[in-house]
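Peer 1: Take this structure first; my questions come after.
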Amino acid sequence: MSRRLLVILLALGVLATIGGVAAGLLLARDPGPVAEAAGPTTIPETTAPVTSEPASSTSPADSSSTTSTTSGLDLQAQVVERVEDGVLVRYDASEPVTAVLNWGFGDPTQHQLRFPGPAGEGTIKLVLPTTARAVSMQVTGRSADGRAGSTDTMTARRLVRRVVLEVRDLTLDIPNGTGGITTRFRGTSLAPLGPGLAGPTASSEPFAFPPSVLGAGASSGPLTLRLLHEVPPDLQRARQVTLTIPFPRSGRITLGRDVSGAGITAQLRLRVTVTES
């Protein structure tokens, strides 16, 4: 083989080697099928903090709904009149309610009185014919959908009339022997004269019975007089007389009365005063 031919063969071998390497590099850089078979690309996990709402938070719609079902009931009450046997209480509500008057002495939860209804307003009489004590009251109401409301506590008592009986003048005519008189009015007894006072007359200083509360509708009351007369050697004689004392509705009246019994006479001038509070 000639030297020239050997050079040509070596050159062709080198070229063949370089071509194979280049083709291998081109095949390694082909992204098509290999990239599709790899599946989704994995994204590295972030380290930024994750925030979330507290579990107790509610949406504006939920909050509005809760408010509308638990509020919006306006309830007011007042004492519209005090009478001798009780008080009249009225309530006004923003919508029809079933209303109850709670009342008691110091504690308004001791007793209950139901208003007619359901209604948006109502009046009821709390009957208190025998007591002059103040009562505490509160009106509670419940709407058809269950919402409840209550008023502030009120304090009131029935209209109270008090009477004072004054004896402005009292004279006993005692024709002989000795005499005396005792008096009783609305549970109080007083002995203004005697017994054992010598005649012919005896007089007392003005005096008055303590104020007392009248019952509902009271228009009169008894004044009891006990006349005492003794003429020795006879035993003491006594006579009891009851006078009916009229009571004005309010204000003052003056009365004159003469009473005889057991041999003596009592002359009285009375003043009756009735006040309201």
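Every chain in the structure tokens has a letter given in the order shown (A, B, ...), and although residue numbers restart at 1 in each chain, ligands are simply numbered from 1 in the order shown.
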Counting only C-alpha atoms, what is within 7 Å of Ala198 of chain A, bar same-chain residues fewer than 2 positions away, as a PyMOL selection string?

Peer 2: chain A and resi 177-179+196+200

Peer 1: Mind writing the picked residues with N, CA, C and O atoms as a PDB file, in the first residue's frame?

Peer 2:
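Result file is out_33.pdb:
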ATOM      1  N   GLY A 177    -122.784  63.497 141.567  1.00  0.00           N
ATOM      2  CA  GLY A 177    -121.774  62.460 141.655  1.00  0.00           C
ATOM      3  C   GLY A 177    -120.532  62.799 140.828  1.00  0.00           C
ATOM      4  O   GLY A 177    -120.141  63.947 140.640  1.00  0.00           O
ATOM      5  N   THR A 178    -119.916  61.749 140.279  1.00  0.00           N
ATOM      6  CA  THR A 178    -118.712  61.902 139.448  1.00  0.00           C
ATOM      7  C   THR A 178    -118.911  61.187 138.115  1.00  0.00           C
ATOM      8  O   THR A 178    -119.800  60.354 137.968  1.00  0.00           O
ATOM      9  N   GLY A 179    -118.077  61.554 137.174  1.00  0.00           N
ATOM     10  CA  GLY A 179    -118.212  60.938 135.863  1.00  0.00           C
ATOM     11  C   GLY A 179    -116.885  60.849 135.120  1.00  0.00           C
ATOM     12  O   GLY A 179    -115.832  61.292 135.586  1.00  0.00           O
ATOM     13  N   GLY A 196    -114.274  59.521 137.870  1.00  0.00           N
ATOM     14  CA  GLY A 196    -114.159  60.122 139.197  1.00  0.00           C
ATOM     15  C   GLY A 196    -114.097  61.630 139.178  1.00  0.00           C
ATOM     16  O   GLY A 196    -113.729  62.230 140.196  1.00  0.00           O
ATOM     17  N   PRO A 200    -120.305  70.260 138.294  1.00  0.00           N
ATOM     18  CA  PRO A 200    -121.334  69.906 137.305  1.00  0.00           C
ATOM     19  C   PRO A 200    -120.803  69.697 135.889  1.00  0.00           C
ATOM     20  O   PRO A 200    -121.499  69.110 135.072  1.00  0.00           O
TER      21      PRO A 200
END

Peer 1: For Thr98 of chain A, list every protein, DNA or RNA residue within 9 Å, evaluated using only C-alpha atoms, and leave out those in the same chain fewer than 2 positions away; present the list as a VMD selection string.

Peer 2: chain A and resid 96 100 114 to 120 140 to 144

Peer 1: Write the selection just made, keeping C-alpha atoms, as a PDB file, in the first residue's frame?

Peer 2:
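Result file again-v4.pdb:
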ATOM      1  CA  PRO A  96     -98.060  41.776  69.151  1.00  0.00           C
ATOM      2  CA  VAL A 100     -97.031  39.127  81.645  1.00  0.00           C
ATOM      3  CA  ARG A 114    -101.122  37.732  82.392  1.00  0.00           C
ATOM      4  CA  PHE A 115    -102.354  40.473  80.083  1.00  0.00           C
ATOM      5  CA  PRO A 116    -105.066  39.682  77.521  1.00  0.00           C
ATOM      6  CA  GLY A 117    -103.521  38.960  74.157  1.00  0.00           C
ATOM      7  CA  PRO A 118    -101.303  38.493  72.256  1.00  0.00           C
ATOM      8  CA  ALA A 119    -101.551  42.186  71.453  1.00  0.00           C
ATOM      9  CA  GLY A 120     -99.401  45.205  70.705  1.00  0.00           C
ATOM     10  CA  THR A 140     -92.115  40.810  80.034  1.00  0.00           C
ATOM     11  CA  GLY A 141     -93.306  39.948  76.538  1.00  0.00           C
ATOM     12  CA  ARG A 142     -92.658  37.314  73.896  1.00  0.00           C
ATOM     13  CA  SER A 143     -93.377  37.612  70.188  1.00  0.00           C
ATOM     14  CA  ALA A 144     -94.807  34.861  67.983  1.00  0.00           C
TER      15      ALA A 144
END

Peer 1: Pick the closest to Ser189 of chain A from A:Ser212, A:Ser204, A:Thr224, A:Ser94: which is it, counting only C-alpha atoms?

Peer 2: A:Thr224

Peer 1: Skip segment 160-168 of chain A itself and residues of its chain fewer than 3 positions away, then list as a list in words all residues within 6 Å of it, counting only C-alpha atoms.

Peer 2: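 The residues satisfying every condition are Pro206, Phe207, Ala208, Phe209, Pro211, Ser212, Val213, Leu214, Arg269, Leu270, Arg271, Val272, Thr273, Val274, Thr275, Glu276 and Ser277 of chain A.
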
Peer 1: Run DSSP on the backbone and give me the residues of segment 40-242 of chain A it puts in alpha helix (DSSP H), as a PyMOL selection string.

Peer 2: chain A and resi 60-70

Peer 1: Assign secondary structure with DSSP using the backbone only, and return the residues of segment 51-227 of chain A in strand (DSSP E or B) as a PyMOL selection string.

Peer 2: chain A and resi 75-83+86-104+111-114+119-127+135-142+148-150+154-156+161-173+178-185+188-198+201-204+207-208+212-213+220-227

Peer 1: Hey, which of A:Asp258, A:Asp234, A:Asp107, A:Asp92 ends up closest to Thr171 of chain A? Count only C-alpha atoms.

Peer 2: A:Asp258

Peer 1: For Gln76 of chain A, find every residue with an atom within 12 Å (counting only C-alpha atoms), except residues of its own chain fewer than 2 positions away, and show them as JSON, numbers by chain.

Peer 2: {"A": [73, 74, 78, 79, 89, 90, 91, 92, 93, 94, 95, 97, 99, 101, 120, 121, 122, 138, 139, 140, 141, 149, 150, 151, 152, 153, 154]}

Peer 1: If I take atom CA of Arg82 of chain A and atom CA of Gly217 of chain A, how far is one from the other in Å, to one decimal?

Peer 2: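 Atom CA of Gly217 of chain A lies 13.6 Å from atom CA of Arg82 of chain A.
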
Peer 1: From the set A:Ala202, A:Met137, A:Leu227, A:Val83, which residue has the shortest atom-to-atom contact distance to Gly215 of chain A, counting only C-alpha atoms?

Peer 2: A:Val83

Peer 1: Report, in Å with one decimal, the straight-line distance from atom CA of Gly86 of chain A to atom CA of Ala132 of chain A.

Peer 2: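 Atom CA of Ala132 of chain A lies 9.4 Å from atom CA of Gly86 of chain A.
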
Peer 1: Quick one: of A:Ser250, A:Gln236, A:Gln110, A:Thr183, who's nearest to Leu268 of chain A, counting only C-alpha atoms?

Peer 2: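 That would be A:Thr183, the residue with the smallest distance to Leu268 of chain A.
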